[in-house]
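A.B. asks: Got a structure for you, written out below as structure tokens; questions coming shortly.
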Amino acid sequence: MTRLQIRMPSYPRWAEPVEVETFFAEDGRIGARRDWVVRSGSTSAQLGTATSTWVNINISTRRLVKLDETLRSSLLEFAAPKEL
């Protein structure tokens with residue numbers, strides 16, 4: 001993970017259940033992004049959002065590499081719906 005940004009305009013009450021949705025998105029040639037939406041479990045009101053950015057690193061060479069096509073296609077199954 002190279003970056004994590006969290007925006008929480010409001011917070012849940014103590015012991016209030018929350019729902020978390022997460023979606024995959026491509027971010028350039030070598031990166032990937034995961035977007036998060038946090039909602040109140042009781043009212044479904046949006047409490048906050050977050051974004052994390054990821055890169056793939058070759059452990060042997062310690063260089064950034066493109067996402068493998070097989071991994072990329074399997075992650076795209078978790079992409080955000082078109083209406084978002």
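For the structure tokens, the naming scheme is as follows: chains receive sequential letters (A, B, ...) according to their order of presentation, residues are indexed from 1 within each chain, and ligands are indexed from 1 in presentation order.
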Which residues come within 12 Å of A:Val65, counting only C-alpha atoms, excluding same-chain residues fewer than 4 positions away, as a list in words?
C.D. replies: Gly28, Arg29, Ile30, Gly31, Ala32, Trp54, Val55, Asn56, Ile57, Asn58, Ile59, Ser60, Thr61 and Glu69 of chain A
A.B. asks: Tell me, as number ranges by chain, which residues lie within 8 Å of stretch 7-15 of chain A, counting only C-alpha atoms; anything in the same chain fewer than 6 positions away does not count.
C.D. replies: A: 40, 47-50
A.B. asks: Give the alpha helix (DSSP H) residues of chain A, as assigned by DSSP on the backbone, as a list in words.
C.D. replies: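 These are the residues in question: Glu69, Thr70, Leu71, Arg72, Ser73, Ser74 and Leu75 of chain A.
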A.B. asks: Would you write out those residues with N, CA, C and O atoms, as a compact mmCIF listing (two decimals), in the first residue's frame?
C.D. replies:
# COMPACT_ATOMS: atom_id res chain seq x y z
N GLU A 69 -2.03 -10.03 -15.73
CA GLU A 69 -3.34 -9.98 -16.38
C GLU A 69 -4.36 -10.88 -15.68
O GLU A 69 -5.53 -10.53 -15.55
N THR A 70 -3.92 -12.04 -15.21
CA THR A 70 -4.83 -12.95 -14.49
C THR A 70 -5.30 -12.31 -13.18
O THR A 70 -6.49 -12.34 -12.87
N LEU A 71 -4.39 -11.72 -12.44
CA LEU A 71 -4.74 -11.05 -11.19
C LEU A 71 -5.64 -9.85 -11.47
O LEU A 71 -6.65 -9.64 -10.80
N ARG A 72 -5.29 -9.06 -12.48
CA ARG A 72 -6.07 -7.88 -12.84
C ARG A 72 -7.50 -8.26 -13.19
O ARG A 72 -8.46 -7.65 -12.72
N SER A 73 -7.68 -9.29 -14.01
CA SER A 73 -9.04 -9.68 -14.42
C SER A 73 -9.84 -10.23 -13.24
O SER A 73 -11.04 -10.00 -13.14
N SER A 74 -9.17 -10.93 -12.31
CA SER A 74 -9.91 -11.44 -11.15
C SER A 74 -10.30 -10.29 -10.21
O SER A 74 -11.36 -10.32 -9.60
N LEU A 75 -9.46 -9.25 -10.11
CA LEU A 75 -9.79 -8.10 -9.27
C LEU A 75 -10.90 -7.25 -9.89
O LEU A 75 -11.68 -6.61 -9.16
A.B. asks: Enter the distance from atom CA of A:Phe24 to atom CA of A:Thr51, in Å, rounded to one decimal.
C.D. replies: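 Straight-line distance from atom CA of A:Phe24 to atom CA of A:Thr51 works out to 9.9 Å.
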A.B. asks: So that each row is one residue of stretch 33-59 of chain A with an atom at most 10 Å from stretch 76-79 of chain A, can you give its shortest atom pair and the distance in Å to one decimal, using only C-alpha atoms, rows by chain and rising number, as CSV?
C.D. replies:
residue,atom,partner,partner_atom,distance
A:Arg33,CA,A:Ala79,CA,9.9
A:Arg34,CA,A:Ala79,CA,8.9
A:Asp35,CA,A:Ala79,CA,9.4
A.B. asks: Please, could you write that set of residues out with N, CA and C atoms as a short mmCIF file (atom, residue, chain, number, x, y, z; two decimals), in the first residue's frame?
C.D. replies:
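And here's again.cif as it stands now:
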data_model
loop_
_atom_site.label_atom_id
_atom_site.label_comp_id
_atom_site.auth_asym_id
_atom_site.auth_seq_id
_atom_site.Cartn_x
_atom_site.Cartn_y
_atom_site.Cartn_z
N ARG A 33 -6.38 0.68 -7.04
CA ARG A 33 -7.00 1.49 -6.00
C ARG A 33 -8.17 0.71 -5.42
N ARG A 34 -8.36 0.85 -4.14
CA ARG A 34 -9.52 0.27 -3.48
C ARG A 34 -10.26 1.41 -2.82
N ASP A 35 -11.54 1.55 -3.19
CA ASP A 35 -12.38 2.60 -2.63
C ASP A 35 -13.32 1.98 -1.59
#
